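Okay, run17.cif is below, mmCIF, C-alpha atoms (C1' of nucleotides):
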```cif
data_model
loop_
_atom_site.label_atom_id
_atom_site.label_comp_id
_atom_site.auth_asym_id
_atom_site.auth_seq_id
_atom_site.Cartn_x
_atom_site.Cartn_y
_atom_site.Cartn_z
CA MET T 1 248.77 -93.48 127.01
CA VAL T 2 249.05 -94.14 123.35
CA ARG T 3 245.58 -92.81 122.67
CA GLU T 4 246.62 -89.59 124.40
CA MET T 5 249.57 -89.26 122.04
CA GLU T 6 247.33 -89.71 119.00
CA GLU T 7 245.03 -87.06 120.34
CA LEU T 8 247.99 -84.81 121.04
CA TYR T 9 248.92 -84.93 117.36
CA TYR T 10 245.33 -84.42 116.32
CA GLU T 11 245.23 -81.26 118.43
CA LEU T 12 248.71 -80.20 117.37
CA PHE T 13 247.79 -80.45 113.68
CA GLU T 14 244.52 -78.66 114.33
CA ALA T 15 246.26 -75.75 116.06
CA ALA T 16 248.97 -75.54 113.41
CA GLY T 17 246.46 -75.72 110.57
CA GLN T 18 244.40 -72.98 112.12
CA GLY T 19 247.51 -70.87 112.67
CA ARG T 20 248.52 -71.38 109.08
CA ARG T 21 245.13 -70.32 107.78
CA VAL T 22 245.06 -67.21 109.94
CA GLY T 23 248.63 -66.41 108.85
CA GLU T 24 247.64 -66.88 105.23
CA GLU T 25 244.86 -64.34 105.71
CA ILE T 26 247.11 -61.83 107.44
CA ALA T 27 249.83 -62.14 104.81
CA ALA T 28 247.26 -61.83 102.03
CA GLY T 29 246.54 -58.31 103.27
CA GLN T 30 249.99 -57.35 101.93
CA GLY T 31 249.75 -59.51 98.82
CA GLN T 32 251.94 -62.19 100.38
CA THR T 33 251.53 -65.79 101.56
CA GLN T 34 252.19 -67.55 104.83
CA SER T 35 255.30 -69.24 103.40
CA ARG T 36 256.76 -66.00 102.12
CA TRP T 37 256.02 -64.31 105.42
CA GLN T 38 257.79 -67.14 107.28
CA THR T 39 260.72 -66.85 104.91
CA MET T 40 261.00 -63.08 105.38
CA TRP T 41 260.65 -63.48 109.12
CA THR T 42 263.40 -66.10 109.19
CA ILE T 43 265.77 -64.02 107.05
CA GLU T 44 265.24 -60.95 109.20
CA ALA T 45 265.78 -62.88 112.43
CA SER T 46 269.27 -63.88 111.24
CA THR T 47 270.04 -60.85 109.05
CA ALA T 48 271.09 -63.09 106.15
CA LEU T 49 271.00 -66.81 105.37
CA THR T 50 271.53 -69.08 102.39
CA VAL T 51 268.54 -70.79 100.78
CA PRO T 52 269.39 -74.22 102.22
CA GLN T 53 269.74 -72.70 105.70
CA ILE T 54 266.27 -71.16 105.51
CA ALA T 55 264.83 -74.43 104.21
CA ARG T 56 266.31 -76.39 107.10
CA ARG T 57 264.99 -73.95 109.68
CA LEU T 58 261.51 -74.09 108.24
CA GLY T 59 261.52 -77.87 107.73
CA MET T 60 260.84 -77.30 104.06
CA SER T 61 262.49 -78.72 100.97
CA ARG T 62 265.46 -76.82 99.61
CA GLN T 63 263.90 -76.58 96.15
CA ASN T 64 260.69 -75.09 97.41
CA GLU T 65 262.54 -72.53 99.46
CA GLN T 66 264.62 -71.74 96.38
CA ARG T 67 261.42 -70.97 94.48
CA ILE T 68 260.04 -68.78 97.28
CA VAL T 69 263.29 -66.81 97.56
CA THR T 70 263.44 -66.36 93.78
CA GLU T 71 259.95 -64.89 93.85
CA LEU T 72 260.86 -62.54 96.70
CA VAL T 73 263.96 -61.41 94.79
CA ASP T 74 261.93 -60.94 91.58
CA GLU T 75 259.58 -58.64 93.45
CA GLY T 76 262.37 -56.67 95.08
CA LEU T 77 261.56 -57.85 98.61
CA ALA T 78 264.83 -59.73 99.03
CA GLU T 79 268.26 -59.54 97.47
CA LEU T 80 271.22 -61.88 97.08
CA VAL T 81 274.59 -60.79 98.42
CA ALA T 82 277.97 -62.48 97.99
CA ASN T 83 278.67 -65.19 100.54
CA PRO T 84 282.32 -65.21 101.64
CA ASP T 85 281.93 -68.85 102.69
CA HIS T 86 280.49 -70.18 99.47
CA LYS T 87 281.13 -68.80 96.01
CA THR T 88 277.89 -70.06 94.42
CA SER T 89 275.51 -70.02 97.38
CA PRO T 90 274.69 -66.38 98.07
CA LEU T 91 273.19 -64.98 101.24
CA VAL T 92 269.58 -63.85 101.10
CA ARG T 93 268.81 -60.52 102.75
CA LEU T 94 265.69 -58.38 102.95
CA THR T 95 265.66 -55.18 100.92
CA ALA T 96 264.30 -51.96 102.44
CA LYS T 97 261.07 -52.69 100.59
CA GLY T 98 261.01 -56.23 101.96
CA ALA T 99 261.53 -54.93 105.48
CA ARG T 100 258.63 -52.51 105.01
CA VAL T 101 256.31 -55.26 103.76
CA LEU T 102 257.36 -57.52 106.63
CA ASP T 103 256.69 -54.71 109.11
CA ALA T 104 253.25 -54.16 107.63
CA ILE T 105 252.41 -57.87 107.91
CA ASN T 106 253.74 -57.94 111.47
CA ALA T 107 251.60 -54.95 112.36
CA ALA T 108 248.52 -56.74 111.06
CA ALA T 109 249.58 -59.83 112.98
CA ASP T 110 249.83 -57.75 116.15
CA ASP T 111 246.13 -57.02 116.02
CA SER T 112 245.41 -60.70 115.67
CA HIS T 113 247.81 -61.57 118.47
CA GLN T 114 246.31 -59.00 120.82
CA ALA T 115 242.88 -60.49 120.24
CA ILE T 116 244.20 -63.97 120.99
CA ILE T 117 246.11 -62.86 124.08
CA ALA T 118 242.82 -61.56 125.50
CA SER T 119 241.79 -65.16 126.15
CA PHE T 120 245.23 -66.82 126.07
CA PRO T 121 247.55 -64.73 128.25
CA PRO T 122 251.34 -64.41 127.85
CA ALA T 123 252.10 -66.72 130.77
CA ARG T 124 250.31 -69.55 128.97
CA VAL T 125 252.07 -68.65 125.73
CA GLU T 126 255.37 -69.21 127.54
CA GLN T 127 254.19 -72.52 128.99
CA LEU T 128 253.02 -73.70 125.60
CA ARG T 129 256.25 -72.66 123.89
CA GLN T 130 258.32 -74.54 126.45
CA LEU T 131 256.24 -77.69 126.02
CA LEU T 132 256.45 -77.47 122.23
CA ARG T 133 260.22 -77.11 122.36
CA ASP T 134 260.44 -80.08 124.70
CA LEU T 135 258.20 -82.21 122.51
CA THR T 136 260.29 -81.35 119.47
CA ALA T 137 263.47 -82.21 121.35
CA ALA T 138 262.02 -85.50 122.65
CA THR T 139 260.90 -86.42 119.15
CA SER T 140 264.27 -85.57 117.65
CA GLN T 141 265.88 -87.77 120.25
CA ALA T 142 263.49 -90.67 119.57
CA HIS T 143 263.80 -90.40 115.79
CA GLY T 144 266.58 -88.83 113.79
CA THR T 145 264.24 -86.34 112.18
CA THR T 146 265.40 -83.90 109.58
CA ALA T 147 263.81 -81.66 106.99
CA PRO T 148 262.91 -83.10 103.57
CA GLY T 149 264.84 -82.30 100.52
CA MET S 1 254.60 -59.80 123.72
CA VAL S 2 254.08 -59.88 120.02
CA ARG S 3 257.50 -61.33 119.40
CA GLU S 4 256.59 -64.18 121.74
CA MET S 5 253.51 -64.92 119.67
CA GLU S 6 255.54 -65.05 116.47
CA GLU S 7 257.94 -67.43 118.11
CA LEU S 8 255.06 -69.50 119.41
CA TYR S 9 253.90 -70.04 115.83
CA TYR S 10 257.42 -70.76 114.68
CA GLU S 11 257.67 -73.48 117.32
CA LEU S 12 254.14 -74.71 116.69
CA PHE S 13 254.82 -75.14 112.97
CA GLU S 14 258.14 -76.79 113.73
CA ALA S 15 256.54 -79.33 116.07
CA ALA S 16 253.66 -80.01 113.67
CA GLY S 17 255.99 -80.36 110.70
CA GLN S 18 258.17 -82.78 112.58
CA GLY S 19 255.11 -84.75 113.71
CA ARG S 20 253.87 -84.89 110.15
CA ARG S 21 257.19 -86.19 108.86
CA VAL S 22 257.39 -88.86 111.55
CA GLY S 23 253.77 -89.81 110.85
CA GLU S 24 254.53 -90.04 107.15
CA GLU S 25 257.34 -92.47 107.91
CA ILE S 26 255.21 -94.60 110.21
CA ALA S 27 252.32 -94.76 107.74
CA ALA S 28 254.72 -95.59 104.91
CA GLY S 29 255.51 -98.83 106.75
CA GLN S 30 252.00 -99.98 105.81
CA GLY S 31 252.02 -98.44 102.35
CA GLN S 32 249.93 -95.48 103.52
CA THR S 33 250.41 -91.76 103.99
CA GLN S 34 249.96 -89.41 106.92
CA SER S 35 246.76 -87.99 105.39
CA ARG S 36 245.23 -91.39 104.82
CA TRP S 37 246.16 -92.45 108.33
CA GLN S 38 244.53 -89.31 109.74
CA THR S 39 241.44 -89.99 107.65
CA MET S 40 241.20 -93.61 108.83
CA TRP S 41 241.79 -92.54 112.40
CA THR S 42 239.04 -89.92 112.15
CA ILE S 43 236.55 -92.33 110.59
CA GLU S 44 237.20 -94.96 113.23
CA ALA S 45 236.87 -92.47 116.09
CA SER S 46 233.32 -91.66 114.96
CA THR S 47 232.40 -95.03 113.41
CA ALA S 48 231.17 -93.35 110.23
CA LEU S 49 231.24 -89.83 108.77
CA THR S 50 230.50 -88.14 105.45
CA VAL S 51 233.38 -86.81 103.36
CA PRO S 52 232.64 -83.15 104.20
CA GLN S 53 232.51 -84.00 107.91
CA ILE S 54 235.96 -85.60 107.78
CA ALA S 55 237.31 -82.64 105.82
CA ARG S 56 236.02 -80.17 108.38
CA ARG S 57 237.48 -82.11 111.28
CA LEU S 58 240.88 -82.28 109.62
CA GLY S 59 240.82 -78.67 108.44
CA MET S 60 241.27 -79.88 104.90
CA SER S 61 239.41 -79.05 101.71
CA ARG S 62 236.36 -81.12 100.91
CA GLN S 63 237.72 -82.00 97.47
CA ASN S 64 241.00 -83.28 98.78
CA GLU S 65 239.28 -85.40 101.38
CA GLN S 66 237.02 -86.73 98.63
CA ARG S 67 240.08 -87.87 96.72
CA ILE S 68 241.64 -89.53 99.76
CA VAL S 69 238.43 -91.37 100.61
CA THR S 70 238.03 -92.51 97.00
CA GLU S 71 241.53 -93.98 97.11
CA LEU S 72 240.79 -95.75 100.40
CA VAL S 73 237.58 -97.18 98.93
CA ASP S 74 239.38 -98.26 95.75
CA GLU S 75 241.86 -100.20 97.86
CA GLY S 76 239.18 -101.80 100.00
CA LEU S 77 240.22 -100.01 103.19
CA ALA S 78 236.99 -98.03 103.47
CA GLU S 79 233.44 -98.48 102.19
CA LEU S 80 230.47 -96.22 101.56
CA VAL S 81 227.19 -96.98 103.28
CA ALA S 82 223.79 -95.36 102.77
CA ASN S 83 223.26 -92.22 104.80
CA PRO S 84 219.70 -91.96 106.12
CA ASP S 85 220.17 -88.19 106.45
CA HIS S 86 221.38 -87.51 102.93
CA LYS S 87 220.52 -89.51 99.85
CA THR S 88 223.62 -88.59 97.84
CA SER S 89 226.21 -88.10 100.62
CA PRO S 90 227.08 -91.57 101.91
CA LEU S 91 228.77 -92.36 105.20
CA VAL S 92 232.37 -93.56 105.03
CA ARG S 93 233.26 -96.52 107.22
CA LEU S 94 236.38 -98.62 107.61
CA THR S 95 236.27 -102.15 106.22
CA ALA S 96 237.74 -105.05 108.21
CA LYS S 97 240.84 -104.70 106.05
CA GLY S 98 240.99 -100.98 106.74
CA ALA S 99 240.68 -101.59 110.47
CA ARG S 100 243.56 -104.09 110.28
CA VAL S 101 245.78 -101.64 108.39
CA LEU S 102 244.93 -98.89 110.86
CA ASP S 103 245.75 -101.20 113.77
CA ALA S 104 249.09 -102.04 112.19
CA ILE S 105 249.94 -98.36 111.74
CA ASN S 106 248.83 -97.60 115.28
CA ALA S 107 251.03 -100.40 116.57
CA ALA S 108 254.02 -98.91 114.77
CA ALA S 109 253.07 -95.51 116.16
CA ASP S 110 253.03 -96.98 119.66
CA ASP S 111 256.73 -97.75 119.45
CA SER S 112 257.41 -94.19 118.40
CA HIS S 113 255.18 -92.81 121.12
CA GLN S 114 256.85 -94.92 123.81
CA ALA S 115 260.22 -93.58 122.76
CA ILE S 116 258.94 -90.01 122.94
CA ILE S 117 257.23 -90.53 126.28
CA ALA S 118 260.60 -91.56 127.71
CA SER S 119 261.64 -87.92 127.64
CA PHE S 120 258.22 -86.28 127.45
CA PRO S 121 256.06 -87.91 130.13
CA PRO S 122 252.24 -88.29 130.02
CA ALA S 123 251.66 -85.47 132.51
CA ARG S 124 253.31 -83.03 130.12
CA VAL S 125 251.36 -84.48 127.21
CA GLU S 126 248.19 -83.59 129.10
CA GLN S 127 249.44 -80.08 129.83
CA LEU S 128 250.38 -79.56 126.22
CA ARG S 129 247.06 -80.86 124.94
CA GLN S 130 245.15 -78.53 127.24
CA LEU S 131 247.18 -75.54 126.09
CA LEU S 132 246.74 -76.44 122.44
CA ARG S 133 242.98 -76.75 122.86
CA ASP S 134 242.89 -73.41 124.64
CA LEU S 135 244.99 -71.73 121.96
CA THR S 136 242.71 -73.11 119.25
CA ALA S 137 239.65 -71.91 121.14
CA ALA S 138 241.15 -68.46 121.73
CA THR S 139 242.05 -68.19 118.05
CA SER S 140 238.60 -69.28 116.95
CA GLN S 141 237.13 -66.64 119.19
CA ALA S 142 239.45 -63.93 117.86
CA HIS S 143 238.90 -64.89 114.21
CA GLY S 144 236.02 -66.77 112.70
CA THR S 145 238.27 -69.51 111.44
CA THR S 146 236.98 -72.38 109.39
CA ALA S 147 238.44 -75.03 107.16
CA PRO S 148 239.13 -74.25 103.47
CA GLY S 149 236.94 -75.61 100.80
"C1'" DT K 1 297.77 -81.29 97.53
"C1'" DC K 2 294.70 -84.56 96.34
"C1'" DC K 3 290.42 -86.79 96.07
"C1'" DA K 4 286.06 -89.26 98.09
"C1'" DG K 5 281.97 -87.42 100.07
"C1'" DT K 6 278.71 -83.63 100.69
"C1'" DT K 7 276.30 -79.34 99.51
"C1'" DT K 8 274.57 -76.32 96.26
"C1'" DG K 9 271.64 -74.16 92.27
"C1'" DA K 10 269.30 -75.19 88.07
"C1'" DC K 11 266.16 -77.81 85.66
"C1'" DA K 12 262.43 -81.22 85.20
"C1'" DA K 13 258.86 -84.21 86.61
"C1'" DG K 14 255.66 -85.88 89.90
"C1'" DT K 15 252.39 -85.50 93.86
"C1'" DA K 16 249.25 -83.33 97.15
"C1'" DC K 17 246.33 -79.96 97.91
"C1'" DT K 18 243.16 -75.85 96.78
"C1'" DT K 19 239.93 -73.37 94.06
"C1'" DG K 20 236.19 -72.85 90.70
"C1'" DT K 21 231.98 -74.43 88.62
"C1'" DC K 22 227.78 -76.86 88.17
"C1'" DA K 23 223.61 -79.54 88.89
"C1'" DA K 24 221.29 -82.47 92.26
"C1'" DA K 25 220.01 -82.92 97.01
"C1'" DC K 26 219.10 -80.97 101.25
"C1'" DT K 27 217.31 -77.26 104.86
"C1'" DG K 28 214.43 -74.06 106.99
"C1'" DA K 29 211.41 -70.09 107.13
"C1'" DC K 30 207.03 -69.14 105.72
"C1'" DG H 1 203.97 -77.49 100.16
"C1'" DT H 2 207.19 -73.86 98.14
"C1'" DC H 3 211.20 -71.74 97.23
"C1'" DA H 4 215.64 -68.97 98.41
"C1'" DG H 5 219.91 -70.40 100.41
"C1'" DT H 6 223.21 -74.06 101.50
"C1'" DT H 7 225.55 -78.53 101.01
"C1'" DT H 8 227.08 -82.11 98.29
"C1'" DG H 9 229.75 -85.00 94.61
"C1'" DA H 10 231.80 -84.80 90.15
"C1'" DC H 11 234.79 -82.73 87.09
"C1'" DA H 12 238.48 -79.49 85.79
"C1'" DA H 13 242.12 -76.33 86.42
"C1'" DG H 14 245.51 -74.08 89.10
"C1'" DT H 15 249.02 -73.74 92.87
"C1'" DA H 16 252.36 -75.30 96.33
"C1'" DC H 17 255.35 -78.50 97.52
"C1'" DT H 18 258.49 -82.76 96.93
"C1'" DT H 19 261.58 -85.70 94.55
"C1'" DG H 20 265.10 -86.82 91.14
"C1'" DT H 21 269.16 -85.67 88.53
"C1'" DC H 22 273.28 -83.34 87.34
"C1'" DA H 23 277.46 -80.58 87.30
"C1'" DA H 24 279.95 -77.10 89.90
"C1'" DA H 25 281.54 -75.75 94.39
"C1'" DC H 26 282.75 -76.89 98.86
"C1'" DT H 27 284.85 -79.90 102.93
"C1'" DG H 28 287.90 -82.68 105.43
"C1'" DG H 29 290.99 -86.49 105.96
"C1'" DA H 30 295.35 -88.41 104.67
#
```
Here is the file; what I need is its structure written in the form of structure tokens.
Amino acid sequence: MVREMEELYYELFEAAGQGRRVGEEIAAGQGQTQSRWQTMWTIEASTALTVPQIARRLGMSRQNEQRIVTELVDEGLAELVANPDHKTSPLVRLTAKGARVLDAINAAADDSHQAIIASFPPARVEQLRQLLRDLTAATSQAHGTTAPG
Amino acid sequence: MVREMEELYYELFEAAGQGRRVGEEIAAGQGQTQSRWQTMWTIEASTALTVPQIARRLGMSRQNEQRIVTELVDEGLAELVANPDHKTSPLVRLTAKGARVLDAINAAADDSHQAIIASFPPARVEQLRQLLRDLTAATSQAHGTTAPG
DNA sequence: TCCAGTTTGACAAGTACTTGTCAAACTGAC
DNA sequence: GTCAGTTTGACAAGTACTTGTCAAACTGGA
């Protein structure tokens, strides 16, 4: 029972590592990185978020996310807008250029996803997603896990 | 369809990140790290492996694995034994001390695993493992993914 | 309105991991 | 055997991420 759990994590890390490497490759096609892609994806999904909010969602340290966002802003892919709820913690939003870059990365990802779906159909994707969410919830319940930072 | 794949990776990275953080905590109880635990676990599972073999199994760079193994050897947790197949690439094996430390970490992990199993039963662990293996296989087929290094 | 506790951005330092390079050792086709 | 191509360990440099600290801004209870 315990051995199965160890192997579960082995396989989980393997799948995630592989996904990260593939994502790194895809993002590199637009001169970006996996982390920056994830950040842009997260911002877009919520329209606008503060740096600490993004960091918490990605399970990443606040300071690292700060650095990534600063880079995106420096390159004109993201912009900071006033946050009515917090005078010194602005909201991060994609610029038109950022949205275009994200779209281009997503388009490249589509090709990859289509190729994967050929041998891993949508129904199994849904099953897997549900199990991952449940595992995460069960783990959160067992530990009081939070992001670093 | 594509959106579901993006969310799959979001959830996959979330689960893996959480697992890594919990593992880091558990390993810290024995003065170790997640990476060193994974290395010890991998060595033990195969009795003895070369550094590049461990690196490939963990999807990690050869040089980083070299560093981790060197640290384990320096602390007497692992030892290098002559490799009949390669004069200058020794096999890495756990020492008795290393096996004891690994057992202690595994024991601590058991408690964590039991707590998780309470809300994520073994049958679902098996389902999840199967899906993860299939996703990894499908991705390998779609790309020619290999470890960095 | 106050004020203890928390969150935030900036700055700095440390750690973990990757990438590049090279010579020695291996491998396999011939 | 021989020799082009690959793998390996050592060394070095670069990159990504975490951790620590601090003051300013926020939050919520009394």
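Taking atom CA of S:Leu132 and atom CA of T:Thr33 as endpoints, the distance between them is 23.9 Å.
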Query - Within 10 Å of stretch 44-53 of chain S using only C-alpha atoms (C1' of nucleotides), minus same-chain residues under 3 positions, as JSON, numbers by chain - result: {"S": [38, 39, 40, 41, 56, 57, 58, 59, 60, 61, 62, 63, 64, 65, 66, 67, 68, 69, 70, 79, 80, 81, 83, 86, 89, 90, 91, 92, 93, 94, 98, 99, 102, 149], "H": [7, 8, 9]}
Requested in this report: Apply the PyMOL selection byres ((chain H and resi 13) around 10) to the displayed file and report the matching residues as a ChimeraX atom specification.
Outcome: /K:19-20 /H:11-12,14-15
Requested in this report: For the structure provided, state which residues fall under the PyMOL selection byres ((chain S) within 6 of (chain T)), and present them as a ChimeraX atom specification.
Outcome: /S:8,13,15-16,115-116,119,129,136,138-139,142
Requested in this report: Please identify all polymer residues within 12 Å of H:DG28, counting all atoms listed in the file, omitting same-chain residues fewer than 3 positions from it, and present them as a list of chain:residue names.
Outcome: K:DC2, K:DC3, K:DA4, K:DG5, K:DT6
Output C-alpha atoms (C1' of nucleotides) of each residue in that selection to a file, as a compact mmCIF listing (two decimals), keeping the file's coordinate frame.
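The result, written out as part_32.txt:
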```
# COMPACT_ATOMS: atom_id res chain seq x y z
C1' DC K 2 294.70 -84.56 96.34
C1' DC K 3 290.42 -86.79 96.07
C1' DA K 4 286.06 -89.26 98.09
C1' DG K 5 281.97 -87.42 100.07
C1' DT K 6 278.71 -83.63 100.69
```
Query raised in the report: In Å to one decimal, how far is atom CA of S:Gln32 from atom CA of S:Gly76?
Result: 13.0 Å
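Between atom C1' of H:DC3 and atom C1' of K:DA24 the separation is 15.5 Å.
Distance annotation: of K:DA25, K:DT1, K:DT15, K:DA10, the residue with the minimal separation from chain S is K:DA25; atom set is all atoms listed in the file.
With distances restricted to only C-alpha atoms (C1' of nucleotides), T:Asp85 is the closest residue to chain H from T:Asp85, T:Ile54, T:Gly29, T:Glu24.
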Quick one: what's the axis-aligned box for stretch 23-27 of chain K, all listed atoms, 8 Å on every side, centre and edges in Å to one decimal, as JSON?
```
{"center_x": 220.5, "center_y": -80.1, "center_z": 96.9, "size_x": 22.3, "size_y": 21.7, "size_z": 32.0}
```
Determine, for each residue of chain K having at least one atom at most 10 Å from an atom of chain T, the closest pair of atoms and their separation in Å to one decimal, counting all atoms listed in the file; order by chain and ascending number, as a tab-separated table.
```
residue	atom	partner	partner_atom	distance
K:DT7	C1'	T:Pro52	CA	9.0
K:DT8	C1'	T:Ser89	CA	6.5
K:DG9	C1'	T:Ser89	CA	7.6
K:DA10	C1'	T:Gln63	CA	9.8
```
Requested in this report: With the file shown as input, list the residues that the PyMOL selection byres ((chain H) within 8 of (chain T)) selects, as a PyMOL selection string.
Outcome: chain H and resi 17-19+25-26
